[in-house]
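Engineer: To start, I am sharing the structure in question, which I have written as C-alpha coordinates.
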Amino acid sequence: MKHLPSERHTLSILVDNEAGVLARIVGLFSARGYNIDSLTVADVSGDHAVSRITVVTNGPPPVIEQIIAQLDRIVPVHRVLDLTALGPHVEREMALVKVAGKGAQRDEALRIADIFRARPVDTTTGSFVFEVSGPTSKVDQFIALMREVGLVEVARTGVVAIARGAEAV
(Lines give C-alpha, C1' and ligand atoms only; values in the text may rest on other atoms or scores of the structure.)
Protein backbone atom coordinates (compact mmCIF):
# COMPACT_ATOMS: atom_id res chain seq x y z
CA MET A 1 0.00 0.00 0.00
CA LYS A 2 1.31 3.42 -0.94
CA HIS A 3 2.19 5.79 1.94
CA LEU A 4 0.04 8.93 1.74
CA PRO A 5 1.58 12.29 2.68
CA SER A 6 0.47 13.96 5.88
CA GLU A 7 -1.56 17.16 5.49
CA ARG A 8 -2.31 19.94 7.96
CA HIS A 9 -6.04 20.45 8.60
CA THR A 10 -7.93 22.98 10.69
CA LEU A 11 -11.17 21.61 12.15
CA SER A 12 -13.96 23.74 13.58
CA ILE A 13 -16.15 21.81 16.03
CA LEU A 14 -19.36 23.31 17.46
CA VAL A 15 -20.32 21.64 20.75
CA ASP A 16 -22.66 22.05 23.69
CA ASN A 17 -20.93 24.17 26.30
CA GLU A 18 -20.98 21.60 29.10
CA ALA A 19 -18.52 19.91 31.43
CA GLY A 20 -16.52 17.04 29.99
CA VAL A 21 -17.00 17.77 26.27
CA LEU A 22 -13.42 18.96 25.71
CA ALA A 23 -12.06 15.93 27.59
CA ARG A 24 -14.09 13.60 25.35
CA ILE A 25 -12.81 15.24 22.19
CA VAL A 26 -9.19 15.27 23.34
CA GLY A 27 -9.63 11.67 24.52
CA LEU A 28 -10.73 10.65 21.02
CA PHE A 29 -7.48 12.03 19.58
CA SER A 30 -5.36 10.51 22.34
CA ALA A 31 -6.94 7.05 22.27
CA ARG A 32 -6.34 6.72 18.54
CA GLY A 33 -2.84 8.17 18.52
CA TYR A 34 -3.79 11.33 16.60
CA ASN A 35 -1.73 14.41 17.36
CA ILE A 36 -3.20 17.83 18.15
CA ASP A 37 -0.92 20.66 16.97
CA SER A 38 -3.16 23.44 18.29
CA LEU A 39 -6.36 23.57 20.35
CA THR A 40 -8.54 26.56 21.26
CA VAL A 41 -11.99 26.74 22.82
CA ALA A 42 -14.38 29.67 23.17
CA ASP A 43 -18.04 30.31 23.92
CA VAL A 44 -19.69 31.50 20.68
CA SER A 45 -23.37 31.91 21.54
CA GLY A 46 -25.25 34.70 23.29
CA ASP A 47 -26.77 32.29 25.81
CA HIS A 48 -23.42 30.54 26.50
CA ALA A 49 -24.87 27.22 25.29
CA VAL A 50 -22.45 26.55 22.39
CA SER A 51 -18.66 26.62 22.14
CA ARG A 52 -16.35 26.41 19.15
CA ILE A 53 -13.34 24.11 19.47
CA THR A 54 -10.67 24.75 16.85
CA VAL A 55 -8.22 21.88 16.37
CA VAL A 56 -5.21 21.84 14.07
CA THR A 57 -4.04 18.30 13.29
CA ASN A 58 -2.00 16.45 10.69
CA GLY A 59 -2.59 13.23 8.82
CA PRO A 60 -3.18 11.64 5.45
CA PRO A 61 -6.65 12.34 3.97
CA PRO A 62 -8.20 9.00 5.09
CA VAL A 63 -7.10 9.66 8.68
CA ILE A 64 -8.55 13.20 8.62
CA GLU A 65 -11.84 11.77 7.28
CA GLN A 66 -11.84 9.18 10.06
CA ILE A 67 -11.21 11.87 12.71
CA ILE A 68 -14.14 13.94 11.40
CA ALA A 69 -16.46 10.91 11.30
CA GLN A 70 -15.54 9.95 14.87
CA LEU A 71 -15.98 13.53 16.12
CA ASP A 72 -19.43 13.65 14.47
CA ARG A 73 -20.49 10.63 16.57
CA ILE A 74 -19.77 12.32 19.92
CA VAL A 75 -23.19 13.28 21.31
CA PRO A 76 -22.74 16.96 22.29
CA VAL A 77 -21.07 17.76 18.93
CA HIS A 78 -23.38 19.82 16.71
CA ARG A 79 -21.14 20.10 13.66
CA VAL A 80 -17.59 19.38 12.50
CA LEU A 81 -16.14 21.39 9.63
CA ASP A 82 -12.81 20.80 7.96
CA LEU A 83 -12.01 24.43 7.17
CA THR A 84 -8.99 23.34 5.13
CA ALA A 85 -11.12 21.21 2.81
CA LEU A 86 -13.97 23.75 2.79
CA GLY A 87 -11.81 26.35 1.10
CA PRO A 88 -10.99 29.96 1.90
CA HIS A 89 -10.81 30.65 5.60
CA VAL A 90 -8.99 32.97 7.97
CA GLU A 91 -6.56 31.63 10.58
CA ARG A 92 -4.82 33.68 13.23
CA GLU A 93 -2.72 33.07 16.31
CA MET A 94 -1.53 35.47 18.99
CA ALA A 95 1.59 35.21 21.13
CA LEU A 96 3.10 37.14 24.00
CA VAL A 97 6.87 37.13 23.56
CA LYS A 98 9.21 38.22 26.36
CA VAL A 99 12.62 39.49 25.27
CA ALA A 100 15.42 40.71 27.55
CA GLY A 101 18.31 42.84 26.45
CA LYS A 102 20.15 46.12 26.66
CA GLY A 103 21.67 48.50 24.17
CA ALA A 104 21.94 47.18 20.61
CA GLN A 105 19.95 44.02 21.44
CA ARG A 106 17.09 46.15 22.74
CA ASP A 107 17.16 48.33 19.62
CA GLU A 108 17.17 45.25 17.38
CA ALA A 109 14.20 43.72 19.26
CA LEU A 110 12.23 46.94 18.71
CA ARG A 111 13.21 47.06 15.02
CA ILE A 112 12.10 43.45 14.47
CA ALA A 113 8.86 44.07 16.37
CA ASP A 114 8.13 47.07 14.15
CA ILE A 115 8.67 45.02 10.98
CA PHE A 116 6.25 42.33 12.28
CA ARG A 117 3.77 44.90 13.60
CA ALA A 118 4.19 43.42 17.05
CA ARG A 119 3.41 45.87 19.80
CA PRO A 120 5.05 46.19 23.17
CA VAL A 121 2.46 45.53 25.90
CA ASP A 122 4.93 45.67 28.80
CA THR A 123 8.29 47.41 29.08
CA THR A 124 10.98 47.53 31.73
CA THR A 125 14.53 48.86 31.48
CA GLY A 126 15.76 45.34 30.74
CA SER A 127 12.89 43.65 28.88
CA PHE A 128 9.86 43.86 26.62
CA VAL A 129 6.75 41.76 26.26
CA PHE A 130 5.52 41.95 22.67
CA GLU A 131 2.10 40.97 21.37
CA VAL A 132 2.28 39.52 17.86
CA SER A 133 -0.62 38.10 15.87
CA GLY A 134 -1.19 36.68 12.43
CA PRO A 135 -0.81 33.38 10.63
CA THR A 136 1.13 30.74 12.57
CA SER A 137 4.06 31.07 10.14
CA LYS A 138 4.40 34.79 11.00
CA VAL A 139 4.32 34.09 14.75
CA ASP A 140 6.89 31.29 14.31
CA GLN A 141 9.19 33.56 12.31
CA PHE A 142 8.94 36.40 14.85
CA ILE A 143 9.81 34.03 17.71
CA ALA A 144 12.76 32.60 15.75
CA LEU A 145 14.19 36.08 15.18
CA MET A 146 13.68 37.06 18.83
CA ARG A 147 15.74 34.01 19.88
CA GLU A 148 18.74 35.80 18.39
CA VAL A 149 18.20 38.98 20.45
CA GLY A 150 17.29 37.63 23.89
CA LEU A 151 14.08 35.57 23.90
CA VAL A 152 13.10 34.68 27.47
CA GLU A 153 9.71 32.99 27.12
CA VAL A 154 6.61 32.66 24.93
CA ALA A 155 2.88 32.18 25.58
CA ARG A 156 0.72 31.32 22.56
CA THR A 157 -3.05 31.21 22.11
CA GLY A 158 -3.22 28.50 19.48
CA VAL A 159 -4.97 28.87 16.15
CA VAL A 160 -8.42 30.41 15.82
CA ALA A 161 -10.11 30.10 12.44
CA ILE A 162 -13.32 30.93 10.65
CA ALA A 163 -14.62 30.38 7.11
CA ARG A 164 -14.67 33.37 4.76
CA GLY A 165 -17.87 34.74 3.30
CA ALA A 166 -21.16 36.20 4.47
CA GLU A 167 -22.82 33.00 5.69
CA ALA A 168 -22.27 31.10 8.90
CA VAL A 169 -21.06 27.60 8.08
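Ligands are numbered from 1 in the order shown, residues from 1 within each chain, and chains are lettered A, B, ... in the order they appear in the C-alpha coordinates.
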Within 8 Å of segment 117-123 of chain A, counting only C-alpha atoms, which residues qualify if same-chain residues fewer than 6 places away don't, as a list of chain:residue names?
Structural biologist: A:Val129, A:Phe130, A:Glu131, A:Val132, A:Ser133
Engineer: May I have the residues within 9 Å of Gly134 of chain A as a PyMOL selection string, using only C-alpha atoms and disregarding those fewer than 5 positions away in the same chain?
Structural biologist: chain A and resi 91-94+139
Engineer: Find, counting only C-alpha atoms, the residue in A:Leu4, A:Val15, A:Val149, A:Leu22 that gets nearest to Asp107 of chain A.
Structural biologist: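 Closest to Asp107 of chain A, using only C-alpha atoms: A:Val149.
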Engineer: Just list as a ChimeraX atom specification whatever in segment 6-149 of chain A DSSP marks as strand (DSSP E).
Structural biologist: /A:7-16,36-43,50-59,77-82,89-100,119-123,127-134
Engineer: May I have all residues of segment 72-136 of chain A that DSSP, computed from the backbone, assigns to alpha helix (DSSP H), given as a CSV table (one decimal) with all heavy atoms, in the first residue's frame?
Structural biologist:
chain,number,residue,atom,x,y,z
A,72,ASP,N,-18.0,13.5,14.7
A,72,ASP,CA,-19.4,13.6,14.5
A,72,ASP,C,-20.3,12.7,15.3
A,72,ASP,O,-21.5,13.0,15.6
A,72,ASP,CB,-19.7,13.4,13.0
A,72,ASP,CG,-19.8,14.7,12.2
A,72,ASP,OD1,-20.1,15.7,12.7
A,72,ASP,OD2,-19.4,14.6,11.0
A,83,LEU,N,-12.2,23.1,7.8
A,83,LEU,CA,-12.0,24.4,7.2
A,83,LEU,C,-11.0,24.4,6.0
A,83,LEU,O,-11.1,25.1,5.0
A,83,LEU,CB,-11.6,25.5,8.2
A,83,LEU,CG,-12.7,25.8,9.2
A,83,LEU,CD1,-12.1,26.8,10.3
A,83,LEU,CD2,-13.9,26.4,8.6
A,84,THR,N,-10.0,23.5,6.2
A,84,THR,CA,-9.0,23.3,5.1
A,84,THR,C,-9.6,22.8,3.8
A,84,THR,O,-9.4,23.3,2.8
A,84,THR,CB,-7.9,22.4,5.6
A,84,THR,OG1,-7.3,22.9,6.8
A,84,THR,CG2,-6.8,22.3,4.6
A,85,ALA,N,-10.5,21.8,4.0
A,85,ALA,CA,-11.1,21.2,2.8
A,85,ALA,C,-12.2,22.1,2.3
A,85,ALA,O,-12.5,22.1,1.1
A,85,ALA,CB,-11.7,19.8,3.2
A,86,LEU,N,-12.9,22.9,3.2
A,86,LEU,CA,-14.0,23.7,2.8
A,86,LEU,C,-13.5,24.9,1.8
A,86,LEU,O,-14.3,25.3,1.0
A,86,LEU,CB,-14.6,24.4,4.1
A,86,LEU,CG,-15.9,25.0,4.0
A,86,LEU,CD1,-17.0,24.0,3.6
A,86,LEU,CD2,-16.3,25.6,5.3
A,104,ALA,N,22.2,47.6,22.0
A,104,ALA,CA,21.9,47.2,20.6
A,104,ALA,C,20.9,46.0,20.5
A,104,ALA,O,20.1,46.0,19.6
A,104,ALA,CB,23.2,46.8,19.9
A,105,GLN,N,20.9,45.1,21.5
A,105,GLN,CA,20.0,44.0,21.4
A,105,GLN,C,18.5,44.6,21.6
A,105,GLN,O,17.6,44.1,20.9
A,105,GLN,CB,20.2,43.0,22.6
A,105,GLN,CG,21.3,42.0,22.3
A,105,GLN,CD,21.4,41.0,23.4
A,105,GLN,OE1,21.6,41.4,24.5
A,105,GLN,NE2,21.2,39.7,23.1
A,106,ARG,N,18.4,45.5,22.5
A,106,ARG,CA,17.1,46.2,22.7
A,106,ARG,C,16.6,46.9,21.5
A,106,ARG,O,15.4,46.8,21.1
A,106,ARG,CB,17.2,47.1,23.9
A,106,ARG,CG,16.0,47.7,24.5
A,106,ARG,CD,16.3,48.5,25.7
A,106,ARG,NE,15.1,49.1,26.2
A,106,ARG,CZ,14.2,48.6,27.0
A,106,ARG,NH1,14.3,47.3,27.3
A,106,ARG,NH2,13.1,49.3,27.3
A,107,ASP,N,17.5,47.6,20.9
A,107,ASP,CA,17.2,48.3,19.6
A,107,ASP,C,16.7,47.4,18.5
A,107,ASP,O,15.8,47.6,17.8
A,107,ASP,CB,18.3,49.2,19.1
A,107,ASP,CG,18.7,50.3,20.1
A,107,ASP,OD1,17.8,50.7,20.9
A,107,ASP,OD2,19.8,50.9,20.0
A,108,GLU,N,17.5,46.2,18.4
A,108,GLU,CA,17.2,45.3,17.4
A,108,GLU,C,15.8,44.6,17.6
A,108,GLU,O,15.0,44.4,16.7
A,108,GLU,CB,18.3,44.2,17.3
A,108,GLU,CG,18.1,43.2,16.2
A,108,GLU,CD,18.1,43.7,14.8
A,108,GLU,OE1,18.4,44.9,14.6
A,108,GLU,OE2,17.9,42.9,13.9
A,109,ALA,N,15.5,44.3,18.9
A,109,ALA,CA,14.2,43.7,19.3
A,109,ALA,C,13.1,44.7,18.8
A,109,ALA,O,12.1,44.2,18.3
A,109,ALA,CB,14.1,43.4,20.7
A,110,LEU,N,13.3,45.9,19.1
A,110,LEU,CA,12.2,46.9,18.7
A,110,LEU,C,12.1,47.0,17.2
A,110,LEU,O,11.0,47.2,16.7
A,110,LEU,CB,12.6,48.3,19.3
A,110,LEU,CG,12.2,48.5,20.8
A,110,LEU,CD1,12.9,49.8,21.3
A,110,LEU,CD2,10.7,48.5,21.0
A,111,ARG,N,13.2,47.0,16.5
A,111,ARG,CA,13.2,47.1,15.0
A,111,ARG,C,12.5,45.9,14.4
A,111,ARG,O,11.6,46.0,13.5
A,111,ARG,CB,14.6,47.1,14.5
A,111,ARG,CG,14.7,47.4,13.0
A,111,ARG,CD,16.2,47.3,12.5
A,111,ARG,NE,16.7,46.0,12.5
A,111,ARG,CZ,16.3,45.0,11.6
A,111,ARG,NH1,15.5,45.3,10.7
A,111,ARG,NH2,16.9,43.8,11.7
A,112,ILE,N,12.8,44.7,14.9
A,112,ILE,CA,12.1,43.5,14.5
A,112,ILE,C,10.6,43.5,14.8
A,112,ILE,O,9.8,43.2,13.9
A,112,ILE,CB,12.7,42.2,15.1
A,112,ILE,CG1,14.2,42.0,14.6
A,112,ILE,CG2,11.9,40.9,14.8
A,112,ILE,CD1,15.0,41.0,15.3
A,113,ALA,N,10.3,43.9,16.0
A,113,ALA,CA,8.9,44.1,16.4
A,113,ALA,C,8.1,45.0,15.4
A,113,ALA,O,7.0,44.7,15.0
A,113,ALA,CB,8.8,44.5,17.8
A,114,ASP,N,8.8,46.1,15.1
A,114,ASP,CA,8.1,47.1,14.1
A,114,ASP,C,7.9,46.4,12.8
A,114,ASP,O,6.8,46.6,12.2
A,114,ASP,CB,9.0,48.3,14.0
A,114,ASP,CG,8.4,49.4,13.2
A,114,ASP,OD1,7.2,49.8,13.5
A,114,ASP,OD2,9.0,49.9,12.2
A,115,ILE,N,8.8,45.7,12.3
A,115,ILE,CA,8.7,45.0,11.0
A,115,ILE,C,7.5,44.0,11.0
A,115,ILE,O,6.7,43.9,10.1
A,115,ILE,CB,10.0,44.3,10.6
A,115,ILE,CG1,11.1,45.3,10.3
A,115,ILE,CG2,9.7,43.3,9.4
A,115,ILE,CD1,12.4,44.7,10.1
A,136,THR,N,0.1,31.5,11.7
A,136,THR,CA,1.1,30.7,12.6
A,136,THR,C,2.5,30.9,12.0
A,136,THR,O,3.5,31.1,12.8
A,136,THR,CB,0.8,29.2,12.6
A,136,THR,OG1,-0.5,29.1,13.3
A,136,THR,CG2,1.8,28.4,13.4
Engineer: Given only C-alpha atoms as the basis, pick out the residue of A:Ile36, A:Val55, A:Ala161, A:Ala100 nearest to Pro88 of chain A.
Structural biologist: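 Using only C-alpha atoms, the shortest distance to Pro88 of chain A belongs to A:Ala161.
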Engineer: To one decimal place, how far is atom CA of Gly126 of chain A from atom CA of Val99 of chain A in Å?
Structural biologist: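 Separation between atom CA of Gly126 of chain A and atom CA of Val99 of chain A: 8.6 Å.
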Engineer: Of the candidates A:Gly59, A:Glu153, A:Pro135, A:Ser38, which shows the shortest atom-to-atom distance to Pro5 of chain A, using only C-alpha atoms?
Structural biologist: A:Gly59
Engineer: Could you tell me which of A:Ile162, A:Gly103, A:Asp140, A:Pro60 comes closest to Ile13 of chain A if we count only C-alpha atoms?
Structural biologist: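 Among the listed residues, the smallest separation from Ile13 of chain A belongs to A:Ile162.
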Engineer: Work out how far atom CA of Ile25 of chain A is from atom CA of Thr40 of chain A, in Å to one decimal.
Structural biologist: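 Atom CA of Ile25 of chain A lies 12.1 Å from atom CA of Thr40 of chain A.
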